[in-house]
>>> print(open('start_12.txt').read())   # compact mmCIF, C-alpha atoms
# COMPACT_ATOMS: atom_id res chain seq x y z
CA MET U 7 192.29 168.54 -19.70
CA THR U 8 188.82 166.96 -19.78
CA SER U 9 186.76 166.50 -16.63
CA THR U 10 187.42 162.74 -16.79
CA ALA U 11 191.18 163.23 -17.09
CA ARG U 12 191.07 165.74 -14.24
CA ARG U 13 189.16 163.31 -12.00
CA LEU U 14 191.61 160.49 -12.77
CA ALA U 15 194.54 162.79 -11.97
CA GLU U 16 192.92 163.68 -8.64
CA ILE U 17 192.44 160.00 -7.82
CA ARG U 18 196.12 159.13 -8.32
CA GLY U 19 197.30 162.27 -6.49
CA GLY U 20 198.14 164.54 -9.40
CA GLY U 21 201.34 162.79 -10.48
CA ALA U 22 202.06 161.28 -13.88
CA PRO U 23 200.11 158.07 -14.55
CA ARG U 24 201.93 154.75 -14.34
CA ARG U 25 202.53 153.42 -17.83
CA HIS U 26 201.14 150.08 -18.87
CA ASN U 27 203.07 147.43 -20.77
CA ALA U 28 202.16 144.07 -22.31
CA ARG U 29 202.42 142.28 -18.95
CA THR U 30 200.15 144.73 -17.11
CA ILE U 31 197.61 144.76 -19.95
CA ALA U 32 197.60 140.97 -19.96
CA ALA U 33 197.05 140.98 -16.20
CA LEU U 34 193.92 143.13 -16.67
CA THR U 35 192.17 140.18 -18.26
CA GLY U 36 192.77 137.88 -15.31
CA ASN U 37 189.93 139.42 -13.31
CA PRO U 38 187.78 141.53 -15.65
CA GLY U 39 184.94 141.84 -13.12
CA CYS U 40 187.03 143.69 -10.53
CA ASP U 41 185.92 147.34 -10.33
CA ARG U 42 188.76 148.23 -7.97
CA ARG U 43 191.45 147.17 -10.40
CA ALA U 44 189.67 148.71 -13.39
CA VAL U 45 189.48 152.11 -11.64
CA LEU U 46 193.07 152.07 -10.42
CA ASP U 47 194.47 150.95 -13.79
CA SER U 48 192.34 153.47 -15.66
CA ALA U 49 193.72 156.22 -13.43
CA GLY U 50 197.28 154.95 -13.80
CA ALA U 51 197.53 154.72 -10.00
CA ASP U 52 200.71 153.60 -8.28
CA LYS U 53 199.46 150.20 -7.10
CA PRO U 54 202.83 149.07 -5.61
CA GLY U 55 202.94 152.33 -3.65
CA LEU U 56 199.35 151.86 -2.49
CA ALA U 57 200.02 148.31 -1.36
CA GLU U 58 203.05 149.44 0.63
CA ARG U 59 201.13 152.34 2.18
CA VAL U 60 198.20 150.22 3.41
CA GLY U 61 200.53 147.61 4.90
CA PHE U 62 200.26 144.81 2.31
CA PRO U 63 203.27 145.17 0.00
CA ALA U 64 203.36 143.23 -3.25
CA ARG U 65 205.51 140.10 -3.22
CA PHE U 66 205.87 139.04 -6.83
CA GLY U 67 208.03 139.80 -9.83
CA GLN U 68 210.66 138.22 -12.05
CA SER U 69 214.01 137.35 -10.49
CA ARG U 70 217.16 138.80 -11.99
CA PHE U 71 218.32 135.25 -12.74
CA ALA U 72 215.15 134.54 -14.75
CA ILE U 73 215.53 137.80 -16.69
CA THR U 74 219.19 137.08 -17.49
CA ARG U 75 218.39 133.51 -18.56
CA GLY U 76 215.52 134.73 -20.75
CA ASN U 77 217.69 137.36 -22.44
CA ALA U 78 220.44 134.81 -23.12
CA PHE U 79 218.00 132.31 -24.64
CA GLU U 80 216.42 135.00 -26.83
CA ALA U 81 219.84 136.10 -28.11
CA GLN U 82 220.72 132.48 -28.91
CA VAL U 83 217.49 131.92 -30.85
CA LYS U 84 217.92 135.14 -32.84
CA ALA U 85 221.58 134.56 -33.72
CA ASP U 86 222.76 134.55 -37.36
CA GLY U 87 219.98 136.85 -38.54
CA GLY U 88 217.29 134.55 -37.20
CA ALA U 89 218.18 131.64 -39.51
CA GLU U 90 217.30 128.96 -36.93
CA LEU U 91 214.26 130.93 -35.81
CA LEU U 92 212.97 131.12 -39.39
CA ARG U 93 213.38 127.36 -39.77
CA LEU U 94 211.51 126.69 -36.52
CA VAL U 95 208.62 129.02 -37.33
CA ALA U 96 208.23 127.81 -40.93
CA GLU U 97 208.37 124.17 -39.84
CA ARG U 98 205.72 124.73 -37.19
CA LEU U 99 203.47 126.54 -39.70
CA GLY U 100 204.00 123.72 -42.21
CA VAL U 101 205.35 125.98 -44.97
CA ASP U 102 208.55 126.35 -46.97
CA PRO U 103 210.31 129.60 -45.98
CA GLY U 104 211.34 129.98 -49.61
CA GLY U 105 214.96 130.84 -48.96
CA PRO U 106 216.53 133.23 -46.45
CA ALA U 107 214.29 135.83 -44.86
CA THR U 108 214.99 139.53 -44.64
CA TRP U 109 215.93 140.55 -41.09
CA THR U 110 215.10 144.03 -39.77
CA ASP U 111 216.22 145.09 -36.30
CA LEU U 112 213.77 147.91 -35.55
CA GLY U 113 215.40 148.65 -32.21
CA ALA U 114 218.96 149.01 -33.50
CA GLU U 115 218.88 152.80 -33.50
CA ASP U 116 217.63 153.18 -29.93
CA ARG U 117 218.72 150.33 -27.70
CA GLY U 118 217.25 151.94 -24.58
CA ASP U 119 220.10 154.37 -23.86
CA GLN U 120 218.15 157.52 -24.72
CA PRO U 121 215.80 159.36 -22.35
CA GLY U 122 212.11 159.83 -22.92
CA PRO U 123 209.33 157.54 -24.05
CA PRO U 124 210.22 154.78 -26.53
CA ASP U 125 208.61 156.50 -29.52
CA ALA U 126 210.69 159.68 -29.05
CA THR U 127 213.36 158.30 -31.38
CA GLY U 128 210.91 157.37 -34.10
CA ARG U 129 210.92 153.59 -33.61
CA ALA U 130 207.12 153.52 -33.58
CA ALA U 131 207.04 155.25 -36.96
CA ARG U 132 209.76 152.99 -38.35
CA SER U 133 207.87 149.93 -37.15
CA ARG U 134 204.61 151.11 -38.66
CA ALA U 135 206.21 151.80 -42.06
CA ALA U 136 208.18 148.54 -42.12
CA LEU U 137 205.30 146.31 -41.09
CA ALA U 138 202.84 147.96 -43.48
CA ALA U 139 205.32 147.46 -46.34
CA ALA U 140 205.60 143.76 -45.48
CA VAL U 141 201.99 142.93 -46.36
CA PRO U 142 202.07 139.84 -48.59
CA THR U 143 201.54 140.57 -52.28
CA GLY U 144 202.18 137.13 -53.79
CA ALA U 145 203.38 133.59 -53.23
CA ASP U 146 206.96 134.50 -54.19
CA ASP U 147 207.38 137.13 -51.46
CA PRO U 148 210.40 136.30 -49.26
CA ALA U 149 209.70 135.88 -45.57
CA ALA U 150 210.47 138.90 -43.41
CA LEU U 151 211.45 138.91 -39.73
CA PHE U 152 211.14 142.05 -37.60
CA ASP U 153 213.10 142.14 -34.36
CA HIS U 154 211.46 144.08 -31.50
CA PRO U 155 209.03 146.29 -33.43
CA LEU U 156 207.32 148.98 -31.38
CA LEU U 157 203.52 148.73 -31.47
CA GLY U 158 200.86 150.82 -29.75
CA LEU U 159 197.52 150.26 -28.03
CA ASP U 160 195.08 152.61 -26.31
CA VAL U 161 194.33 151.68 -22.70
CA ALA U 162 191.89 153.93 -20.82
CA GLY U 163 192.86 156.92 -22.93
CA GLN U 164 196.62 156.32 -22.67
CA ARG U 165 198.79 155.27 -25.59
CA VAL U 166 200.79 152.26 -24.47
CA HIS U 167 203.97 151.18 -26.29
CA LEU U 168 204.44 147.44 -26.74
CA GLU U 169 207.50 145.48 -27.86
CA PRO U 170 206.94 141.89 -29.02
CA ASP U 171 209.99 139.67 -29.30
CA LEU U 172 209.53 139.19 -33.04
CA VAL U 173 206.99 139.50 -35.86
CA ALA U 174 207.27 137.10 -38.80
CA ALA U 175 205.66 138.25 -42.04
CA ARG U 176 204.82 136.51 -45.33
CA LEU U 177 204.86 133.00 -43.92
CA ALA U 178 201.70 131.16 -44.98
CA GLY U 179 200.60 134.52 -46.39
CA ARG U 180 200.15 136.15 -42.95
CA PHE U 181 201.83 137.89 -40.06
CA HIS U 182 202.64 135.83 -36.95
CA VAL U 183 203.66 137.12 -33.54
CA VAL U 184 206.61 135.11 -32.19
CA GLU U 185 207.06 135.00 -28.41
CA ILE U 186 210.32 133.65 -26.95
CA LYS U 187 210.17 132.32 -23.39
CA SER U 188 212.81 130.60 -21.28
CA PHE U 189 210.53 128.15 -19.45
CA PRO U 190 211.15 124.57 -20.67
CA VAL U 191 209.01 122.17 -22.66
CA ILE U 192 209.64 118.78 -21.04
CA ASP U 193 208.50 115.65 -22.87
CA GLY U 194 206.30 117.83 -25.06
CA GLN U 195 204.58 119.54 -22.11
CA ALA U 196 205.10 122.99 -20.60
CA ASP U 197 203.80 124.52 -17.38
CA PRO U 198 200.10 125.29 -18.17
CA GLY U 199 200.14 128.47 -16.08
CA LYS U 200 203.17 129.84 -17.90
CA VAL U 201 201.73 128.94 -21.28
CA ALA U 202 198.47 130.69 -20.37
CA ALA U 203 200.38 133.82 -19.29
CA ALA U 204 202.37 133.78 -22.54
CA ALA U 205 199.14 133.38 -24.53
CA ILE U 206 197.39 136.41 -23.06
CA GLN U 207 200.55 138.52 -23.37
CA SER U 208 200.87 137.45 -27.01
CA ALA U 209 197.20 138.33 -27.59
CA VAL U 210 198.05 141.91 -26.59
CA TYR U 211 200.65 142.02 -29.38
CA VAL U 212 198.26 140.42 -31.90
CA LEU U 213 195.60 143.04 -31.16
CA ALA U 214 198.09 145.92 -31.43
CA LEU U 215 199.46 144.58 -34.72
CA ARG U 216 195.96 144.16 -36.13
CA GLU U 217 195.14 147.75 -35.22
CA LEU U 218 198.35 148.96 -36.86
CA LEU U 219 197.56 147.21 -40.17
CA ALA U 220 193.93 148.36 -40.07
CA ALA U 221 195.07 151.96 -39.56
CA GLU U 222 197.28 151.60 -42.65
CA GLY U 223 194.33 150.41 -44.74
CA HIS U 224 195.09 146.69 -44.67
CA ASP U 225 192.98 143.73 -43.56
CA ALA U 226 193.47 143.12 -39.82
CA ALA U 227 192.85 139.42 -40.45
CA LEU U 228 196.30 139.26 -42.06
CA VAL U 229 197.58 138.89 -38.48
CA SER U 230 197.11 135.28 -37.44
CA SER U 231 195.57 134.38 -34.09
CA ASP U 232 198.05 131.48 -33.96
CA VAL U 233 201.08 132.71 -32.04
CA VAL U 234 204.42 130.90 -32.35
CA LEU U 235 205.82 130.19 -28.87
CA VAL U 236 209.53 129.31 -28.79
CA CYS U 237 210.92 127.65 -25.64
CA PRO U 238 213.90 125.47 -24.70
CA ARG U 239 213.29 121.75 -25.11
CA ASP U 240 213.70 119.53 -22.05
CA PHE U 241 216.70 120.57 -19.94
CA ALA U 242 218.87 121.86 -22.77
CA ASN U 243 218.84 125.18 -24.59
CA ARG U 244 217.77 123.64 -27.89
CA PRO U 245 214.71 125.66 -29.00
CA VAL U 246 211.38 124.15 -29.95
CA ALA U 247 208.37 125.98 -31.44
CA SER U 248 204.69 125.48 -30.65
CA LEU U 249 201.50 127.08 -31.94
CA VAL U 250 199.17 128.72 -29.42
CA ASP U 251 195.68 129.80 -30.51
CA VAL U 252 194.85 133.11 -28.75
CA ARG U 253 191.33 133.72 -30.12
CA LYS U 254 189.73 133.30 -26.71
CA GLN U 255 192.28 135.62 -25.09
CA LEU U 256 191.60 138.24 -27.76
CA LEU U 257 187.89 138.25 -26.92
CA VAL U 258 188.57 138.70 -23.20
CA LEU U 259 191.14 141.40 -23.89
CA ARG U 260 188.79 143.40 -26.12
CA ARG U 261 186.00 143.24 -23.53
CA GLN U 262 188.24 144.52 -20.75
CA LEU U 263 189.74 147.31 -22.87
CA ASP U 264 186.24 148.39 -23.95
CA ARG U 265 185.19 148.43 -20.30
CA MET U 266 188.14 150.62 -19.34
CA ALA U 267 187.41 152.92 -22.26
CA ARG U 268 184.03 153.58 -20.60
CA VAL U 269 185.80 154.92 -17.54
CA ASP U 270 183.06 157.51 -16.94
CA ASP U 271 180.71 154.68 -15.96
CA LEU U 272 183.22 153.50 -13.37
CA LEU U 273 183.83 157.00 -12.04
CA ALA U 274 180.11 157.62 -11.62
CA ARG U 275 179.93 154.79 -9.07
CA LEU U 276 182.82 156.07 -6.95
CA PRO U 277 182.37 158.00 -3.68
CA ALA U 278 183.12 161.68 -4.13
CA ASP U 279 186.11 161.51 -1.79
CA PHE U 280 187.67 158.38 -3.32
CA THR U 281 191.44 158.61 -3.54
CA ALA U 282 194.33 156.37 -4.54
CA ASP U 283 197.07 158.84 -3.65
CA PRO U 284 199.86 156.92 -1.88
CA SER U 285 200.66 160.01 0.21
CA THR U 286 197.23 159.85 1.87
CA ASP U 287 196.86 158.76 5.49
CA PRO U 288 196.92 154.92 5.49
CA GLU U 289 193.66 154.54 7.40
CA ARG U 290 191.80 156.85 5.02
CA LEU U 291 193.41 155.08 2.08
CA ARG U 292 192.21 151.68 3.36
CA ARG U 293 188.66 153.01 3.76
CA SER U 294 188.81 154.55 0.28
CA LEU U 295 189.94 151.31 -1.37
CA ALA U 296 187.34 149.31 0.56
CA SER U 297 184.60 151.55 -0.85
CA VAL U 298 185.15 150.13 -4.35
CA PRO U 299 184.05 146.51 -4.93
CA ALA U 300 186.86 144.05 -5.60
CA ARG U 301 186.62 140.49 -6.91
CA TYR U 302 189.48 138.74 -5.20
CA ALA U 303 190.57 135.26 -6.26
CA PRO U 304 193.81 133.42 -5.42
CA ASP U 305 194.98 133.96 -9.02
CA CYS U 306 195.27 137.67 -8.19
CA LEU U 307 198.36 136.95 -6.06
CA ALA U 308 200.41 136.43 -9.22
CA ALA U 309 199.03 139.38 -11.18
CA CYS U 310 197.96 142.32 -8.99
CA GLU U 311 199.99 144.40 -6.55
CA LEU U 312 196.98 144.89 -4.26
CA ALA U 313 196.17 141.18 -4.02
CA TYR U 314 197.36 140.76 -0.42
CA PHE U 315 195.21 143.68 0.73
CA CYS U 316 192.16 142.25 -1.06
CA ARG U 317 192.85 138.76 0.34
CA HIS U 318 192.97 140.13 3.89
CA GLU U 319 189.73 141.97 3.22
CA THR U 320 187.97 138.76 2.09
CA ARG U 321 189.53 136.34 4.59
CA ALA U 322 186.09 135.38 5.94
CA GLU U 323 184.52 135.04 2.47
CA THR U 324 184.36 132.02 0.19
CA ALA U 325 185.87 134.11 -2.63
CA ALA U 326 189.24 133.79 -0.90
CA LEU U 327 189.13 130.02 -1.52
CA GLY U 328 189.10 130.43 -5.31
CA ARG U 329 186.54 130.61 -8.10
CA PRO U 330 185.87 126.82 -8.31
CA VAL U 331 185.02 126.69 -4.59
CA ARG U 332 182.93 129.84 -4.73
CA GLU U 333 180.98 128.56 -7.74
CA ALA U 334 180.52 125.07 -6.23
CA LEU U 335 178.99 126.66 -3.14
CA GLY U 336 176.23 128.22 -5.24
CA GLY U 337 176.46 131.78 -4.01
CA VAL U 338 177.12 131.17 -0.31
CA ALA U 339 179.19 134.26 0.42
CA THR U 340 180.89 133.66 3.78
CA VAL U 341 182.73 130.83 5.49
CA ALA U 342 180.43 131.26 8.52
CA GLU U 343 177.39 130.58 6.33
CA VAL U 344 179.08 127.49 4.87
CA LEU U 345 179.75 126.08 8.33
CA ALA U 346 176.19 126.85 9.46
CA LEU U 347 174.69 125.10 6.43
CA ALA U 348 176.96 122.10 6.94
CA ALA U 349 175.76 121.93 10.56
CA GLY U 350 172.14 121.73 9.39
CA SER U 351 170.77 125.28 9.41
CA ASP U 352 168.18 126.22 6.80
CA PRO U 353 169.45 127.97 3.66
CA GLY U 354 168.81 131.68 3.67
CA ALA U 355 168.08 131.86 -0.07
CA PRO U 356 166.29 129.48 -2.46
CA GLY U 357 169.38 129.17 -4.63
CA GLN U 358 171.40 127.81 -1.70
CA ALA U 359 169.31 124.65 -1.19
CA GLU U 360 171.50 122.49 -3.42
CA ALA U 361 174.70 123.83 -1.84
CA ALA U 362 173.25 123.17 1.63
CA ALA U 363 172.47 119.54 0.75
CA LEU U 364 176.00 118.99 -0.57
CA LEU U 365 177.54 120.59 2.49
CA ARG U 366 175.49 118.42 4.84
CA ALA U 367 176.52 115.31 2.93
CA ALA U 368 180.17 116.41 3.08
CA ALA U 369 179.86 117.02 6.82
CA ARG U 370 178.44 113.50 7.33
CA LEU U 371 181.26 111.95 5.30
CA ARG U 372 183.83 113.88 7.33
CA ALA U 373 182.26 112.81 10.60
CA ASP U 374 182.19 109.16 9.48
CA ALA U 375 185.82 109.35 8.39
CA LEU U 376 186.89 110.86 11.71
CA ALA U 377 184.90 108.28 13.67
CA GLY U 378 186.68 105.50 11.86
CA GLN U 379 190.14 106.78 12.77
CA PRO U 380 192.07 104.80 15.43
CA ALA U 381 192.23 106.46 18.82
>>> encode(input="start_12.txt", output="structure tokens")
Amino acid sequence: MTSTARRLAEIRGGGAPRRHNARTIAALTGNPGCDRRAVLDSAGADKPGLAERVGFPARFGQSRFAITRGNAFEAQVKADGGAELLRLVAERLGVDPGGPATWTDLGAEDRGDQPGPPDATGRAARSRAALAAAVPTGADDPAALFDHPLLGLDVAGQRVHLEPDLVAARLAGRFHVVEIKSFPVIDGQADPGKVAAAAIQSAVYVLALRELLAAEGHDAALVSSDVVLVCPRDFANRPVASLVDVRKQLLVLRRQLDRMARVDDLLARLPADFTADPSTDPERLRRSLASVPARYAPDCLAACELAYFCRHETRAETAALGRPVREALGGVATVAEVLALAAGSDPGAPGQAEAAALLRAAARLRADALAGQPA
């Protein structure tokens, strides 16, 4: 064990690291400037256990109903060897599928009923061989659909196994990740937040697939950055496909993974006694977590198990009001400073002069509005 691995094991309390998946990797990109999250995720710390221990348990997750509905919709879309799915994907890409596609269920031999990590049964090797063999060689190649291939990605020194819903090969001469979600597209519009979450999760699969092909000696650019998102249309279960460009998400994802790969830089800034062991005394654990800078924003509530702890910690700071508010205030860090500037006090820093003028104007408008209210 290297000194870095030993230090990370000490931080999490010596137990096995928590394994990442596509959702947790996607969540890393939501707040790439947060040192606290980067350290804890690099160490594989038990963030739900930490949140419970310090008195701010996590309050998010998918409901069983949503999971069941999603599984049923996915099974419907993939029925009959993916015939309807092939039509949807080809139509959205503007190409002729060229006849029926080959269908390969890469998870058929291990449907989750065997112990051990997912690659213990060889699905990772089967996926690698099948996908590498599906590289387009000519215009007459039949389309190929791969159900639940097992991909891999390195995150802070750990090999993470990833399972996209589907990979379509040889359509428009490229590979396309297909993501199937059960949230609806109503009148041509879907929930922007859910689409954004699907995009960053799909970008994780695109990056892993590109690395797989590159490792097999193929051009990584064969994997398109246009992901096919399949959702139910309106209030029925009739599927509709959309294209989502994930180039921006790929850039953010690479930056965050590169940052976590340089975990030694993060460890060098930690106090010598820093710990994230959930068995530690709660008061010491709170002090330990507070010693590492966080970058809380309201978006964290939907993506990080420690968000409620960080929100409590920043309750008097403008960061708790969200990034747009924090940026509009031009670096004014606390709510107390905002109120003082609005009341007419001089800005404490040259960069706060513009924010102070806006706050004073806002205070005057508020006072005028209140004065005009009926008694």
>>> atom_distance(input="start_12.txt", atom1="CA of Phe189 in chain U", atom2="CA of Cys237 in chain U")
6.2 Å
>>> residues_around(input="start_12.txt", residues="range 103-108 of chain U", least_positions_apart="6", cutoff="9 Å", atoms="only C-alpha atoms", output="number ranges by chain")
U: 87-89, 92-93, 95-97, 146-152, 176-178
>>> atom_distance(input="start_12.txt", atom1="CA of Val269 in chain U", atom2="CA of Val45 in chain U")
7.5 Å
>>> atom_distance(input="start_12.txt", atom1="CA of Gln195 in chain U", atom2="CA of Pro245 in chain U")
13.7 Å
>>> residues_around(input="start_12.txt", residues="Val252 in chain U", least_positions_apart="2", cutoff="10 Å", atoms="only C-alpha atoms", output="PyMOL selection string")
chain U and resi 202+204-210+212+230-233+249-250+254-257
>>> closest_residue(input="start_12.txt", among="U:Ala326, U:Val141, U:Val161, U:Val246", to="Leu307 in chain U", atoms="all atoms listed in the file")
U:Ala326
>>> closest_residue(input="start_12.txt", among="U:Leu376, U:Leu218, U:Leu137, U:Leu272", to="Asp47 in chain U", atoms="all atoms listed in the file")
U:Leu272
>>> residues_around(input="start_12.txt", residues="range 74-84 of chain U", least_positions_apart="5", cutoff="8 Å", atoms="all atoms listed in the file", output="PyMOL selection string")
chain U and resi 89-91+186-188+238+243+245
>>> closest_residue(input="start_12.txt", among="U:Ser351, U:Asp287, U:Glu333, U:Val298", to="Val60 in chain U", atoms="only C-alpha atoms")
U:Asp287
>>> residues_around(input="start_12.txt", residues="range 30-36 of chain U", least_positions_apart="6", cutoff="8 Å", atoms="all atoms listed in the file", output="number ranges by chain")
U: 43-44, 203, 206-207, 210, 258-259, 262, 305-306, 309-310
>>> closest_residue(input="start_12.txt", among="U:Asn37, U:Pro277, U:Gln358, U:Ala308", to="Leu295 in chain U", atoms="only C-alpha atoms")
U:Pro277
>>> closest_residue(input="start_12.txt", among="U:Val191, U:Ala377, U:Ala139, U:Leu276", to="Ser297 in chain U", atoms="only C-alpha atoms")
U:Leu276
>>> closest_residue(input="start_12.txt", among="U:Glu360, U:Glu311, U:Asp374, U:Glu323", to="Leu46 in chain U", atoms="all atoms listed in the file")
U:Glu311
>>> build_atoms(input="start_12.txt", residues="range 159-168 of chain U", atoms="all heavy atoms", output="mmCIF file, in the coordinates of the input")
data_model
loop_
_atom_site.group_PDB
_atom_site.id
_atom_site.type_symbol
_atom_site.label_atom_id
_atom_site.label_comp_id
_atom_site.auth_asym_id
_atom_site.auth_seq_id
_atom_site.Cartn_x
_atom_site.Cartn_y
_atom_site.Cartn_z
ATOM 1 N N LEU U 159 198.888 150.638 -28.365
ATOM 2 C CA LEU U 159 197.520 150.260 -28.030
ATOM 3 C C LEU U 159 196.971 151.281 -27.051
ATOM 4 O O LEU U 159 197.690 151.732 -26.147
ATOM 5 C CB LEU U 159 197.510 148.859 -27.399
ATOM 6 C CG LEU U 159 196.191 148.090 -27.361
ATOM 7 C CD1 LEU U 159 195.692 147.770 -28.773
ATOM 8 C CD2 LEU U 159 196.369 146.787 -26.584
ATOM 9 N N ASP U 160 195.711 151.660 -27.229
ATOM 10 C CA ASP U 160 195.080 152.610 -26.310
ATOM 11 C C ASP U 160 194.464 151.862 -25.132
ATOM 12 O O ASP U 160 193.661 150.945 -25.316
ATOM 13 C CB ASP U 160 193.983 153.410 -27.030
ATOM 14 C CG ASP U 160 194.555 154.420 -28.012
ATOM 15 O OD1 ASP U 160 195.652 154.949 -27.722
ATOM 16 O OD2 ASP U 160 193.939 154.666 -29.057
ATOM 17 N N VAL U 161 194.860 152.271 -23.925
ATOM 18 C CA VAL U 161 194.330 151.680 -22.700
ATOM 19 C C VAL U 161 193.826 152.808 -21.810
ATOM 20 O O VAL U 161 194.610 153.604 -21.299
ATOM 21 C CB VAL U 161 195.404 150.858 -21.951
ATOM 22 C CG1 VAL U 161 194.827 150.243 -20.686
ATOM 23 C CG2 VAL U 161 195.968 149.777 -22.846
ATOM 24 N N ALA U 162 192.503 152.888 -21.661
ATOM 25 C CA ALA U 162 191.890 153.930 -20.820
ATOM 26 C C ALA U 162 192.377 155.326 -21.187
ATOM 27 O O ALA U 162 192.683 156.146 -20.328
ATOM 28 C CB ALA U 162 192.144 153.640 -19.349
ATOM 29 N N GLY U 163 192.472 155.596 -22.490
ATOM 30 C CA GLY U 163 192.860 156.920 -22.930
ATOM 31 C C GLY U 163 194.359 157.157 -23.014
ATOM 32 O O GLY U 163 194.794 158.224 -23.454
ATOM 33 N N GLN U 164 195.171 156.198 -22.585
ATOM 34 C CA GLN U 164 196.620 156.320 -22.670
ATOM 35 C C GLN U 164 197.141 155.484 -23.835
ATOM 36 O O GLN U 164 196.672 154.389 -24.070
ATOM 37 C CB GLN U 164 197.292 155.825 -21.387
ATOM 38 C CG GLN U 164 196.940 156.593 -20.138
ATOM 39 C CD GLN U 164 197.675 156.012 -18.942
ATOM 40 O OE1 GLN U 164 198.871 155.753 -18.987
ATOM 41 N NE2 GLN U 164 196.958 155.790 -17.858
ATOM 42 N N ARG U 165 198.140 156.033 -24.523
ATOM 43 C CA ARG U 165 198.790 155.270 -25.590
ATOM 44 C C ARG U 165 199.918 154.468 -24.972
ATOM 45 O O ARG U 165 200.860 155.024 -24.399
ATOM 46 C CB ARG U 165 199.334 156.219 -26.669
ATOM 47 C CG ARG U 165 199.812 155.502 -27.935
ATOM 48 C CD ARG U 165 198.660 154.841 -28.645
ATOM 49 N NE ARG U 165 199.057 154.216 -29.919
ATOM 50 C CZ ARG U 165 198.244 153.458 -30.629
ATOM 51 N NH1 ARG U 165 197.015 153.207 -30.193
ATOM 52 N NH2 ARG U 165 198.636 152.935 -31.776
ATOM 53 N N VAL U 166 199.819 153.161 -25.081
ATOM 54 C CA VAL U 166 200.790 152.260 -24.470
ATOM 55 C C VAL U 166 201.700 151.699 -25.563
ATOM 56 O O VAL U 166 201.216 151.256 -26.611
ATOM 57 C CB VAL U 166 200.078 151.110 -23.730
ATOM 58 C CG1 VAL U 166 201.100 150.160 -23.111
ATOM 59 C CG2 VAL U 166 199.153 151.670 -22.661
ATOM 60 N N HIS U 167 203.008 151.708 -25.332
ATOM 61 C CA HIS U 167 203.970 151.180 -26.290
ATOM 62 C C HIS U 167 204.301 149.728 -25.933
ATOM 63 O O HIS U 167 204.569 149.402 -24.773
ATOM 64 C CB HIS U 167 205.233 152.029 -26.311
ATOM 65 C CG HIS U 167 204.977 153.440 -26.728
ATOM 66 N ND1 HIS U 167 204.652 153.773 -28.021
ATOM 67 C CD2 HIS U 167 204.965 154.596 -26.023
ATOM 68 C CE1 HIS U 167 204.469 155.082 -28.108
ATOM 69 N NE2 HIS U 167 204.649 155.600 -26.911
ATOM 70 N N LEU U 168 204.283 148.876 -26.936
ATOM 71 C CA LEU U 168 204.440 147.440 -26.740
ATOM 72 C C LEU U 168 205.553 146.914 -27.644
ATOM 73 O O LEU U 168 205.666 147.323 -28.804
ATOM 74 C CB LEU U 168 203.133 146.705 -27.063
ATOM 75 C CG LEU U 168 201.895 147.223 -26.339
ATOM 76 C CD1 LEU U 168 200.641 146.674 -26.990
ATOM 77 C CD2 LEU U 168 201.942 146.841 -24.874
#
